[in-house]
file final04.txt (compact mmCIF, C-alpha atoms (C1' of nucleotides))
# COMPACT_ATOMS: atom_id res chain seq x y z
CA MET A 25 -7.32 25.27 7.02
CA ASN A 26 -6.46 28.85 7.81
CA SER A 27 -6.97 30.59 11.15
CA ILE A 28 -8.83 33.42 9.44
CA LYS A 29 -11.84 31.13 9.47
CA GLU A 30 -11.74 30.67 13.22
CA LEU A 31 -11.21 34.38 13.67
CA PHE A 32 -14.22 35.29 11.55
CA VAL A 33 -16.51 32.57 12.78
CA ASN A 34 -15.75 33.31 16.41
CA ARG A 35 -15.54 37.09 16.34
CA TYR A 36 -18.58 37.66 14.16
CA SER A 37 -21.70 35.55 14.15
CA LEU A 38 -20.87 33.81 10.92
CA SER A 39 -21.64 30.15 10.27
CA PRO A 40 -18.87 27.97 8.80
CA GLU A 41 -21.00 27.51 5.66
CA ASN A 42 -21.31 31.22 5.04
CA PHE A 43 -17.67 31.77 5.84
CA ASP A 44 -16.88 29.25 3.09
CA LEU A 45 -19.16 31.09 0.67
CA PHE A 46 -17.39 34.31 1.53
CA TYR A 47 -13.99 32.69 1.30
CA SER A 48 -14.69 31.17 -2.12
CA ASN A 49 -14.69 34.71 -3.48
CA ILE A 50 -11.34 35.56 -2.01
CA THR A 51 -7.96 35.46 -3.67
CA GLU A 52 -4.73 35.51 -1.76
CA VAL A 53 -2.17 38.02 -3.00
CA THR A 54 1.36 38.86 -1.90
CA ARG A 55 2.89 42.29 -2.20
CA SER A 56 6.30 43.69 -1.36
CA LYS A 57 7.43 46.19 1.23
CA GLY A 58 7.23 49.77 0.00
CA GLU A 59 4.43 49.24 -2.50
CA ALA A 60 1.22 51.24 -2.30
CA ILE A 61 -1.87 49.08 -2.23
CA ILE A 62 -4.24 52.03 -2.56
CA SER A 63 -3.07 55.40 -3.86
CA LYS A 64 -4.33 58.92 -3.46
CA GLY A 65 -6.64 60.03 -6.22
CA GLU A 66 -7.54 56.57 -7.44
CA ILE A 67 -10.74 54.58 -7.34
CA HIS A 68 -10.36 51.04 -6.05
CA HIS A 69 -12.48 48.01 -6.51
CA SER A 70 -11.24 45.71 -3.80
CA VAL A 71 -11.29 45.26 -0.06
CA TYR A 72 -8.46 43.45 1.71
CA PHE A 73 -7.83 41.58 4.92
CA ILE A 74 -4.30 41.45 6.22
CA LYS A 75 -3.17 37.87 6.66
CA LYS A 76 0.47 38.68 7.30
CA GLY A 77 2.39 41.94 7.51
CA ALA A 78 1.99 45.59 8.47
CA VAL A 79 0.67 48.59 6.58
CA ARG A 80 0.09 52.27 7.20
CA SER A 81 -2.35 54.76 5.83
CA TYR A 82 -1.15 58.28 5.27
CA TYR A 83 -2.38 61.59 4.07
CA ILE A 84 -0.39 64.45 2.61
CA ASN A 85 -1.03 67.73 4.39
CA ALA A 86 -0.91 71.31 3.09
CA ASP A 87 2.85 71.47 3.66
CA GLY A 88 3.42 68.31 1.66
CA LYS A 89 4.19 66.23 4.74
CA GLU A 90 3.04 62.66 5.11
CA ILE A 91 0.75 62.26 8.08
CA THR A 92 0.25 58.65 9.14
CA TYR A 93 -3.14 58.17 10.69
CA TRP A 94 -3.60 54.42 10.78
CA PHE A 95 -1.51 51.31 11.19
CA GLY A 96 -2.87 47.95 10.10
CA PHE A 97 -1.67 44.56 11.25
CA GLU A 98 -2.71 40.92 10.95
CA GLY A 99 -6.52 40.56 11.01
CA ASP A 100 -7.29 44.15 10.09
CA VAL A 101 -9.41 45.22 7.13
CA ILE A 102 -8.02 47.53 4.46
CA ALA A 103 -10.45 49.61 2.48
CA SER A 104 -10.41 53.09 1.14
CA LEU A 105 -13.50 54.19 3.02
CA GLY A 106 -14.33 57.21 0.89
CA ASN A 107 -14.03 54.85 -2.00
CA PHE A 108 -16.03 52.06 -0.54
CA VAL A 109 -18.80 54.06 1.07
CA GLU A 110 -19.18 56.89 -1.39
CA SER A 111 -17.32 55.74 -4.49
CA LYS A 112 -15.08 58.78 -4.33
CA PRO A 113 -11.37 58.86 -5.16
CA SER A 114 -9.14 57.95 -2.28
CA LEU A 115 -7.64 60.77 -0.22
CA GLU A 116 -5.15 58.49 1.41
CA THR A 117 -2.36 56.21 0.36
CA ILE A 118 -1.99 52.81 1.94
CA GLU A 119 1.61 51.73 1.96
CA LEU A 120 3.14 48.39 2.86
CA LEU A 121 5.61 48.57 5.72
CA GLU A 122 6.62 44.94 5.21
CA ASP A 123 6.09 42.20 2.67
CA VAL A 124 2.44 41.26 3.12
CA VAL A 125 -0.04 38.54 2.37
CA LEU A 126 -3.51 39.88 1.73
CA LEU A 127 -6.90 38.34 1.22
CA LYS A 128 -8.56 40.25 -1.57
CA ILE A 129 -12.23 40.46 -2.43
CA ASP A 130 -13.88 42.38 -5.21
CA ARG A 131 -16.00 45.24 -3.94
CA THR A 132 -18.91 44.53 -6.31
CA LYS A 133 -18.88 40.86 -5.39
CA LEU A 134 -18.79 41.68 -1.69
CA ILE A 135 -21.78 43.98 -1.99
CA GLU A 136 -23.59 41.31 -3.99
CA LEU A 137 -22.96 38.85 -1.17
CA TYR A 138 -24.18 41.39 1.36
CA ASN A 139 -27.35 41.99 -0.63
CA THR A 140 -28.26 38.34 -1.00
CA ASN A 141 -27.23 36.78 2.29
CA VAL A 142 -28.59 38.05 5.61
CA GLU A 143 -25.83 36.49 7.63
CA LEU A 144 -23.07 37.99 5.50
CA ALA A 145 -24.83 41.36 5.57
CA ASN A 146 -24.74 41.21 9.36
CA PHE A 147 -21.13 40.12 9.25
CA GLY A 148 -20.42 43.25 7.21
CA ARG A 149 -22.45 45.32 9.61
CA GLN A 150 -20.51 44.00 12.57
CA LEU A 151 -17.25 44.57 10.77
CA ALA A 152 -18.19 48.22 10.28
CA GLU A 153 -19.54 48.60 13.82
CA THR A 154 -16.40 47.15 15.32
CA GLY A 155 -14.36 49.58 13.26
CA LEU A 156 -16.63 52.37 14.42
CA LEU A 157 -16.00 51.48 18.04
CA GLU A 158 -12.25 51.37 17.50
CA MET A 159 -12.29 54.73 15.77
CA GLU A 160 -14.43 56.27 18.48
CA GLN A 161 -11.96 55.04 21.04
CA GLN A 162 -9.11 56.52 19.07
CA ILE A 163 -10.84 59.88 18.81
CA LEU A 164 -11.46 59.76 22.56
CA LEU A 165 -7.88 58.77 23.26
CA ASN A 166 -6.53 61.54 21.06
CA GLN A 167 -8.66 64.09 22.83
CA VAL A 168 -8.33 62.91 26.41
CA THR A 169 -4.72 61.85 26.72
CA ASP A 170 -1.41 63.50 25.92
CA ALA A 171 1.11 62.27 23.38
CA LYS A 172 3.22 60.49 25.99
CA THR A 173 0.31 58.39 27.22
CA ARG A 174 -0.73 57.60 23.68
CA TYR A 175 2.79 56.55 22.81
CA LEU A 176 2.90 54.20 25.78
CA SER A 177 -0.50 52.72 25.01
CA LEU A 178 0.48 52.25 21.37
CA ILE A 179 3.54 50.18 22.24
CA GLU A 180 1.52 48.30 24.81
CA LYS A 181 -1.10 47.41 22.20
CA HIS A 182 1.49 46.59 19.51
CA PRO A 183 4.67 45.58 21.30
CA GLN A 184 6.48 44.91 18.02
CA ILE A 185 5.59 48.25 16.49
CA LEU A 186 8.96 49.81 17.24
CA GLN A 187 10.64 47.08 15.22
CA ARG A 188 8.15 47.37 12.37
CA VAL A 189 7.49 51.09 12.03
CA LYS A 190 9.81 54.11 11.84
CA LEU A 191 9.67 56.67 14.63
CA GLY A 192 8.89 59.52 12.25
CA GLN A 193 5.75 57.70 11.19
CA ILE A 194 4.78 56.97 14.78
CA ALA A 195 5.33 60.63 15.66
CA SER A 196 3.00 61.83 12.91
CA TYR A 197 0.46 59.24 14.03
CA LEU A 198 0.65 60.71 17.52
CA GLY A 199 0.25 64.22 16.15
CA ILE A 200 3.68 65.41 17.28
CA THR A 201 7.07 65.94 15.67
CA GLN A 202 9.78 63.36 15.78
CA VAL A 203 11.81 65.70 17.98
CA THR A 204 9.06 65.72 20.59
CA LEU A 205 8.77 61.94 20.38
CA SER A 206 12.50 61.65 21.02
CA ARG A 207 12.11 63.87 24.06
CA ILE A 208 9.27 61.67 25.33
CA ARG A 209 11.34 58.55 24.84
CA ALA A 210 14.33 60.13 26.59
CA GLN A 211 12.22 61.13 29.62
CA LYS A 212 11.02 57.69 30.50
CA MET B 9 -45.61 61.65 6.77
CA ASN B 10 -42.31 62.58 8.30
CA SER B 11 -39.19 63.59 6.42
CA ILE B 12 -37.16 60.95 8.22
CA LYS B 13 -38.65 58.51 5.75
CA GLU B 14 -37.38 60.42 2.75
CA LEU B 15 -34.01 60.81 4.40
CA PHE B 16 -33.66 57.11 5.07
CA VAL B 17 -35.11 55.88 1.81
CA ASN B 18 -32.94 58.21 -0.24
CA ARG B 19 -29.70 58.07 1.71
CA TYR B 20 -29.67 54.33 2.25
CA SER B 21 -30.99 51.73 -0.16
CA LEU B 22 -34.11 51.07 1.86
CA SER B 23 -37.48 50.36 0.27
CA PRO B 24 -40.53 52.25 1.59
CA GLU B 25 -41.98 48.93 2.80
CA ASN B 26 -38.96 48.08 4.88
CA PHE B 27 -38.73 51.60 6.18
CA ASP B 28 -42.31 51.19 7.41
CA LEU B 29 -41.39 47.90 9.08
CA PHE B 30 -38.47 49.61 10.76
CA TYR B 31 -40.57 52.61 11.70
CA SER B 32 -43.32 50.49 13.24
CA ASN B 33 -40.83 49.58 15.96
CA ILE B 34 -39.99 53.16 16.76
CA THR B 35 -41.41 55.33 19.50
CA GLU B 36 -41.06 59.07 19.55
CA VAL B 37 -39.84 60.54 22.84
CA THR B 38 -39.22 64.09 24.01
CA ARG B 39 -36.61 65.03 26.58
CA SER B 40 -35.60 68.31 28.16
CA LYS B 41 -32.42 70.34 27.90
CA GLY B 42 -29.81 69.30 30.45
CA GLU B 43 -30.93 65.69 30.81
CA ALA B 44 -28.54 62.82 30.15
CA ILE B 45 -29.87 60.32 27.65
CA ILE B 46 -27.04 57.86 28.23
CA SER B 47 -24.86 58.00 31.34
CA LYS B 48 -21.39 56.82 32.10
CA GLY B 49 -21.26 53.38 33.65
CA GLU B 50 -24.70 52.29 32.54
CA ILE B 51 -25.85 49.69 30.08
CA HIS B 52 -28.44 50.91 27.59
CA HIS B 53 -30.92 49.06 25.54
CA SER B 54 -31.92 51.63 22.96
CA VAL B 55 -30.64 53.40 19.91
CA TYR B 56 -31.90 56.87 19.01
CA PHE B 57 -32.20 59.10 15.99
CA ILE B 58 -32.32 62.83 16.56
CA LYS B 59 -35.45 64.30 15.03
CA LYS B 60 -35.07 67.74 16.59
CA GLY B 61 -32.45 69.26 18.87
CA ALA B 62 -28.76 69.10 19.70
CA VAL B 63 -26.76 66.81 21.96
CA ARG B 64 -23.17 66.30 22.96
CA SER B 65 -21.20 63.31 24.07
CA TYR B 66 -18.57 63.81 26.70
CA TYR B 67 -16.00 61.90 28.60
CA ILE B 68 -14.47 62.70 31.96
CA ASN B 69 -10.69 62.71 31.88
CA ALA B 70 -8.17 61.92 34.61
CA ASP B 71 -8.38 65.46 35.99
CA GLY B 72 -12.15 65.27 36.25
CA LYS B 73 -12.70 67.58 33.30
CA GLU B 74 -15.48 67.05 30.81
CA ILE B 75 -14.12 66.49 27.32
CA THR B 76 -16.73 66.87 24.60
CA TYR B 77 -15.86 64.67 21.67
CA TRP B 78 -19.04 64.60 19.59
CA PHE B 79 -21.94 66.89 18.77
CA GLY B 80 -25.14 65.45 17.39
CA PHE B 81 -27.81 67.30 15.45
CA GLU B 82 -30.93 66.52 13.46
CA GLY B 83 -30.58 63.27 11.52
CA ASP B 84 -27.72 61.85 13.57
CA VAL B 85 -27.75 58.50 15.33
CA ILE B 86 -27.18 58.26 19.07
CA ALA B 87 -25.83 55.02 20.44
CA SER B 88 -23.39 54.13 23.11
CA LEU B 89 -21.08 52.24 20.83
CA GLY B 90 -19.23 50.26 23.47
CA ASN B 91 -22.66 49.33 24.67
CA PHE B 92 -24.09 48.48 21.34
CA VAL B 93 -21.16 46.66 19.82
CA GLU B 94 -19.70 44.94 22.86
CA SER B 95 -22.44 45.20 25.49
CA LYS B 96 -20.08 46.99 27.82
CA PRO B 97 -21.00 49.85 30.18
CA SER B 98 -20.88 53.25 28.58
CA LEU B 99 -17.75 55.33 29.05
CA GLU B 100 -19.43 58.46 27.87
CA THR B 101 -22.38 60.57 28.86
CA ILE B 102 -24.71 61.92 26.23
CA GLU B 103 -26.26 65.17 27.35
CA LEU B 104 -29.02 67.19 25.78
CA LEU B 105 -28.00 70.72 24.83
CA GLU B 106 -31.59 71.63 23.97
CA ASP B 107 -35.05 70.15 24.31
CA VAL B 108 -35.03 67.25 21.87
CA VAL B 109 -37.35 64.94 20.01
CA LEU B 110 -35.86 61.48 19.56
CA LEU B 111 -36.87 58.37 17.66
CA LYS B 112 -36.17 55.45 19.91
CA ILE B 113 -35.76 51.80 19.01
CA ASP B 114 -35.03 48.89 21.26
CA ARG B 115 -31.61 47.41 20.70
CA THR B 116 -32.80 43.80 20.85
CA LYS B 117 -35.61 44.55 18.42
CA LEU B 118 -33.25 46.32 16.05
CA ILE B 119 -30.86 43.38 16.04
CA GLU B 120 -33.80 41.04 15.46
CA LEU B 121 -34.79 43.12 12.43
CA TYR B 122 -31.22 43.05 11.18
CA ASN B 123 -31.06 39.28 11.54
CA THR B 124 -34.28 38.58 9.69
CA ASN B 125 -34.33 41.16 6.92
CA VAL B 126 -31.51 41.43 4.44
CA GLU B 127 -32.42 44.95 3.40
CA LEU B 128 -32.51 46.23 6.93
CA ALA B 129 -29.24 44.47 7.69
CA ASN B 130 -27.68 46.36 4.80
CA PHE B 131 -29.30 49.55 5.98
CA GLY B 132 -27.59 48.98 9.34
CA ARG B 133 -24.34 48.18 7.60
CA GLN B 134 -24.50 51.39 5.59
CA LEU B 135 -25.37 53.36 8.70
CA ALA B 136 -22.22 52.03 10.38
CA GLU B 137 -20.08 52.48 7.28
CA THR B 138 -21.21 56.07 6.86
CA GLY B 139 -20.35 56.69 10.50
CA LEU B 140 -17.00 55.05 9.92
CA LEU B 141 -16.27 57.39 7.04
CA GLU B 142 -17.23 60.42 9.09
CA MET B 143 -15.06 59.31 11.99
CA GLU B 144 -12.14 58.62 9.70
CA GLN B 145 -12.47 62.10 8.29
CA GLN B 146 -12.55 63.54 11.79
CA ILE B 147 -9.43 61.63 12.81
CA LEU B 148 -7.74 62.90 9.65
CA LEU B 149 -8.90 66.45 10.28
CA ASN B 150 -7.69 66.35 13.87
CA GLN B 151 -4.30 65.14 12.78
CA VAL B 152 -3.77 67.22 9.69
CA THR B 153 -5.16 70.61 10.59
CA ASP B 154 -4.62 73.00 13.48
CA ALA B 155 -7.25 74.09 15.97
CA LYS B 156 -8.00 77.34 14.13
CA THR B 157 -8.80 75.56 10.88
CA ARG B 158 -10.91 73.01 12.69
CA TYR B 159 -12.80 75.78 14.47
CA LEU B 160 -13.55 77.49 11.19
CA SER B 161 -14.64 74.26 9.51
CA LEU B 162 -16.84 73.42 12.48
CA ILE B 163 -18.78 76.68 12.25
CA GLU B 164 -18.93 76.30 8.50
CA LYS B 165 -20.46 72.84 8.85
CA HIS B 166 -22.81 73.88 11.67
CA PRO B 167 -23.42 77.62 11.31
CA GLN B 168 -25.77 77.67 14.28
CA ILE B 169 -23.39 75.88 16.62
CA LEU B 170 -22.24 79.08 18.34
CA GLN B 171 -25.82 79.80 19.33
CA ARG B 172 -26.45 76.23 20.46
CA VAL B 173 -23.22 75.20 22.20
CA LYS B 174 -21.05 76.89 24.83
CA LEU B 175 -17.52 77.89 23.87
CA GLY B 176 -15.95 75.82 26.63
CA GLN B 177 -17.54 72.71 25.13
CA ILE B 178 -16.39 73.65 21.65
CA ALA B 179 -12.87 74.25 22.96
CA SER B 180 -12.69 70.79 24.54
CA TYR B 181 -14.05 69.32 21.30
CA LEU B 182 -11.20 71.03 19.44
CA GLY B 183 -8.69 69.74 21.96
CA ILE B 184 -7.67 73.16 23.23
CA THR B 185 -8.48 75.31 26.27
CA GLN B 186 -11.15 77.94 26.21
CA VAL B 187 -8.43 80.59 26.59
CA THR B 188 -6.79 79.43 23.38
CA LEU B 189 -10.15 79.39 21.61
CA SER B 190 -10.73 82.98 22.70
CA ARG B 191 -7.35 83.91 21.27
CA ILE B 192 -8.23 82.22 17.97
CA ARG B 193 -11.54 84.08 17.84
CA ALA B 194 -9.85 87.38 18.60
CA GLN B 195 -7.26 86.89 15.83
CA LYS B 196 -9.69 86.54 13.00
C1' DC C 26 -33.80 98.34 35.93
C1' DC C 27 -30.74 96.35 39.00
C1' DC C 28 -28.64 92.47 40.92
C1' DA C 29 -26.64 87.95 40.93
C1' DC C 30 -24.72 84.52 38.28
C1' DA C 31 -22.81 82.45 34.16
C1' DT C 32 -19.97 82.96 30.23
C1' DT C 33 -16.31 84.89 27.60
C1' DT C 34 -12.21 87.59 27.04
C1' DT C 35 -7.88 89.47 28.42
C1' DA C 36 -3.46 89.58 30.93
C1' DA C 37 0.91 87.76 32.79
C1' DC C 38 3.75 84.22 33.32
C1' DA C 39 5.52 79.28 33.01
C1' DT C 40 5.95 75.33 30.22
C1' DA C 41 5.77 72.49 26.22
C1' DT C 42 6.30 71.97 21.48
C1' DG C 43 7.92 73.30 16.93
C1' DT C 44 11.87 74.51 13.74
C1' DA C 45 16.32 74.04 11.89
C1' DA C 46 20.61 72.19 12.11
C1' DA C 47 24.16 69.38 13.88
C1' DA C 48 25.68 65.15 16.07
C1' DA C 49 25.31 60.39 17.00
C1' DG C 50 23.98 55.90 15.89
C1' DA C 51 22.34 52.02 12.58
C1' DA C 52 21.94 49.84 8.48
C1' DT C 53 23.29 48.99 3.66
C1' DT C 54 26.34 48.74 -0.18
C1' DC C 55 30.39 48.03 -2.51
C1' DG D 21 35.27 46.99 6.90
C1' DA D 22 35.17 51.59 5.06
C1' DA D 23 32.02 54.61 3.07
C1' DT D 24 27.52 56.11 2.14
C1' DT D 25 22.95 56.68 3.37
C1' DC D 26 19.12 56.50 6.46
C1' DT D 27 17.30 57.05 11.09
C1' DT D 28 17.26 58.87 15.65
C1' DT D 29 18.73 62.00 19.19
C1' DT D 30 20.31 66.31 20.88
C1' DT D 31 20.84 71.36 21.01
C1' DA D 32 19.41 76.21 20.83
C1' DC D 33 16.09 79.25 20.03
C1' DA D 34 11.32 81.04 18.73
C1' DT D 35 6.51 80.44 19.17
C1' DA D 36 2.25 78.63 20.77
C1' DT D 37 -0.42 76.89 24.33
C1' DG D 38 -1.56 76.04 29.16
C1' DT D 39 -2.50 77.97 33.89
C1' DT D 40 -4.36 81.09 37.03
C1' DA D 41 -6.67 85.07 38.00
C1' DA D 42 -8.99 89.23 36.97
C1' DA D 43 -11.84 91.99 33.99
C1' DA D 44 -15.53 92.41 30.81
C1' DT D 45 -19.65 91.01 28.88
C1' DG D 46 -24.05 88.65 28.68
C1' DT D 47 -28.37 86.64 30.78
C1' DG D 48 -32.30 85.78 33.61
C1' DG D 49 -34.99 86.71 37.84
C1' DG D 50 -37.13 89.62 40.88

call {"tool": "encode", "arguments": {"input": "final04.txt", "output": "structure tokens"}}
result
Amino acid sequence: MNSIKELFVNRYSLSPENFDLFYSNITEVTRSKGEAIISKGEIHHSVYFIKKGAVRSYYINADGKEITYWFGFEGDVIASLGNFVESKPSLETIELLEDVVLLKIDRTKLIELYNTNVELANFGRQLAETGLLEMEQQILLNQVTDAKTRYLSLIEKHPQILQRVKLGQIASYLGITQVTLSRIRAQK
Amino acid sequence: MNSIKELFVNRYSLSPENFDLFYSNITEVTRSKGEAIISKGEIHHSVYFIKKGAVRSYYINADGKEITYWFGFEGDVIASLGNFVESKPSLETIELLEDVVLLKIDRTKLIELYNTNVELANFGRQLAETGLLEMEQQILLNQVTDAKTRYLSLIEKHPQILQRVKLGQIASYLGITQVTLSRIRAQK
DNA sequence: CCCACATTTTAACATATGTAAAAAGAATTC
DNA sequence: GAATTCTTTTTACATATGTTAAAATGTGGG
């Protein structure tokens, strides 16, 4: 069986039976590096879990520059939040940094599961709350620490990120230019 | 009856009956300006909704400076997320900027409600997902726009914030010094 | 109304970051 | 393996922001 089951059953209070119910609604899809899984301006009807691979979420600013604001790796959830929560067109594009394997579930089906199964509803709640905590920590980190510290903590958290992600994308994620990132890296 | 009911029933798919069940576990508390509702290092056992008043959440950085990273107003939820999600001591302090009226619910009781009532579990899920969307938008805003734009959008979103919050706190929220904020205000 | 205290603005200077362009280094293709 | 293209680093300069301190303004108490 797949390790996603262990991950879900252990991390969230989900019984094996309800995991199986959840999993029976999932389809595994593969996509290639460079593709966009969710594009700006579109409405999407699926939520994904990353089984294998890396993705980034970016936004295009007023100057037309791509600003990366999230990296996703194995185990992370991909959803266009504006889409999912408010059924509004996506502001962001989610792009595949590598060939990926995704677990896909239909949004309507997922909500149906949530509405009919207390345990799955609480699984969904915990999924969102965990995300909330991570985002709060990122907001805190962005506000409290300088770019150098954030760069160091990023490579500590994802040691392989330098091999998987381009420095220009990391720089925009850190809120600095690539030139500044180069200076930080030279310092060390 | 109170308008919190309308707010909850309309904003989240919560039936009046289940709202009443939820509300029967709530106690209304008043606290005075300057008090800390949640303090750094402590474990808390309650979640709050702001009925009246303003609060801020701050973190103390390596230099001992208070960094405000969240303002809460009427209708917002107050919870120490690290606390709530992972039962870890709070990193932040939540301080009252005004005299407030809070709706308080015991964490254990809330989780019990979530675990036994599918509708309330989905209410909790939507609460977290809505928070997630707001946080994502804040992360985006912080990364995409400069301090001046964020200042202007902050006072647009909360027109009374200048009367309710000190400029030094707003500056730290924007990630700049108070001197820079003064310069921005002078420009306009 | 005046005084003491808190808050905000202004000034002067040092430092960090952005911009634009060139140079260096890697990776890919033929 | 030479040539092309993409990525990263470096340089030089302009601008924005931080720091520290002083001045100005606002606020509440007696």

call {"tool": "interface_residues", "arguments": {"input": "final04.txt", "of": "chain C", "to": "chain A", "cutoff": "10 Å", "atoms": "only C-alpha atoms (C1' of nucleotides)", "output": "ChimeraX atom specification"}}
result
/C:41-44

call {"tool": "atom_distance", "arguments": {"input": "final04.txt", "atom1": "C1' of DC38 in chain C", "atom2": "CA of Lys156 in chain B"}}
result
23.5 Å

call {"tool": "residues_around", "arguments": {"input": "final04.txt", "residues": "Ile12 in chain B", "least_positions_apart": "2", "cutoff": "10 Å", "atoms": "all atoms listed in the file", "output": "short mmCIF file (atom, residue, chain, number, x, y, z; two decimals) with C-alpha atoms, in the coordinates of the input"}}
result
data_model
loop_
_atom_site.label_atom_id
_atom_site.label_comp_id
_atom_site.auth_asym_id
_atom_site.auth_seq_id
_atom_site.Cartn_x
_atom_site.Cartn_y
_atom_site.Cartn_z
CA MET B 9 -45.61 61.65 6.77
CA ASN B 10 -42.31 62.58 8.30
CA GLU B 14 -37.38 60.42 2.75
CA LEU B 15 -34.01 60.81 4.40
CA PHE B 16 -33.66 57.11 5.07
CA VAL B 17 -35.11 55.88 1.81
CA ASN B 18 -32.94 58.21 -0.24
CA PHE B 27 -38.73 51.60 6.18
CA TYR B 31 -40.57 52.61 11.70
CA PHE B 57 -32.20 59.10 15.99
CA ILE B 58 -32.32 62.83 16.56
CA LYS B 59 -35.45 64.30 15.03
CA GLU B 82 -30.93 66.52 13.46
CA GLY B 83 -30.58 63.27 11.52
CA LEU B 111 -36.87 58.37 17.66
#

call {"tool": "closest_atom_pairs", "arguments": {"input": "final04.txt", "of": "chain B", "to": "chain A", "cutoff": "9 Å", "atoms": "only C-alpha atoms", "output": "tab-separated table"}}
result
residue	atom	partner	partner_atom	distance
B:Tyr67	CA	A:Leu164	CA	7.9
B:Ile68	CA	A:Val168	CA	8.3
B:Asn69	CA	A:Val168	CA	6.0
B:Ala70	CA	A:Val168	CA	8.3
B:Ile75	CA	A:Val168	CA	6.9
B:Thr76	CA	A:Gln167	CA	8.7
B:Tyr77	CA	A:Leu164	CA	6.7
B:Leu89	CA	A:Leu157	CA	5.8
B:Gly90	CA	A:Leu157	CA	6.4
B:Phe92	CA	A:Glu153	CA	8.8
B:Val93	CA	A:Glu153	CA	6.5
B:Glu94	CA	A:Thr154	CA	8.5
B:Tyr122	CA	A:Asn146	CA	7.0
B:Asn123	CA	A:Val142	CA	6.5
B:Thr124	CA	A:Val142	CA	7.0
B:Asn125	CA	A:Val142	CA	6.7
B:Val126	CA	A:Val142	CA	4.6
B:Glu127	CA	A:Asn139	CA	7.1
B:Ala129	CA	A:Ala145	CA	5.8
B:Asn130	CA	A:Ala145	CA	5.8
B:Phe131	CA	A:Arg149	CA	8.8
B:Gly132	CA	A:Arg149	CA	6.3
B:Arg133	CA	A:Arg149	CA	4.0
B:Gln134	CA	A:Arg149	CA	7.6
B:Leu135	CA	A:Arg149	CA	8.6
B:Ala136	CA	A:Ala152	CA	5.5
B:Glu137	CA	A:Ala152	CA	5.5
B:Thr138	CA	A:Val109	CA	6.6
B:Gly139	CA	A:Leu156	CA	6.9
B:Leu140	CA	A:Leu156	CA	5.3
B:Leu141	CA	A:Leu105	CA	5.8
B:Met143	CA	A:Met159	CA	6.6
B:Glu144	CA	A:Met159	CA	7.2
B:Gln146	CA	A:Ile163	CA	8.1
B:Ile147	CA	A:Ile163	CA	6.4
B:Leu148	CA	A:Tyr93	CA	6.7
B:Asn150	CA	A:Gly199	CA	8.5
B:Gln151	CA	A:Gly199	CA	5.7
B:Val152	CA	A:Asn85	CA	6.0
B:Thr153	CA	A:Asn85	CA	8.0
B:Ser180	CA	A:Gln167	CA	8.0
B:Tyr181	CA	A:Gln167	CA	7.7
B:Leu182	CA	A:Gln167	CA	8.1
B:Gly183	CA	A:Gln167	CA	5.7

call {"tool": "atom_distance", "arguments": {"input": "final04.txt", "atom1": "CA of Ser98 in chain B", "atom2": "CA of Ser47 in chain B"}}
result
6.8 Å

call {"tool": "atom_distance", "arguments": {"input": "final04.txt", "atom1": "CA of Gln171 in chain B", "atom2": "CA of Thr101 in chain B"}}
result
21.7 Å

call {"tool": "residues_around", "arguments": {"input": "final04.txt", "residues": "DT32 in chain C", "least_positions_apart": "6", "cutoff": "12 Å", "atoms": "all atoms listed in the file", "output": "PyMOL selection string"}}
result
(chain B and resi 173-177+186+190) or (chain D and resi 44-47)

call {"tool": "residues_near_point", "arguments": {"input": "final04.txt", "point": "(-38.6, 62.0, 20.7)", "cutoff": "6 Å", "atoms": "all atoms listed in the file", "output": "ChimeraX atom specification"}}
result
/B:36-38,109-111

call {"tool": "interface_residues", "arguments": {"input": "final04.txt", "of": "chain D", "to": "chain B", "cutoff": "12 Å", "atoms": "only C-alpha atoms (C1' of nucleotides)", "output": "list of chain:residue names"}}
result
D:DA36, D:DT37, D:DG38, D:DT39, D:DT40
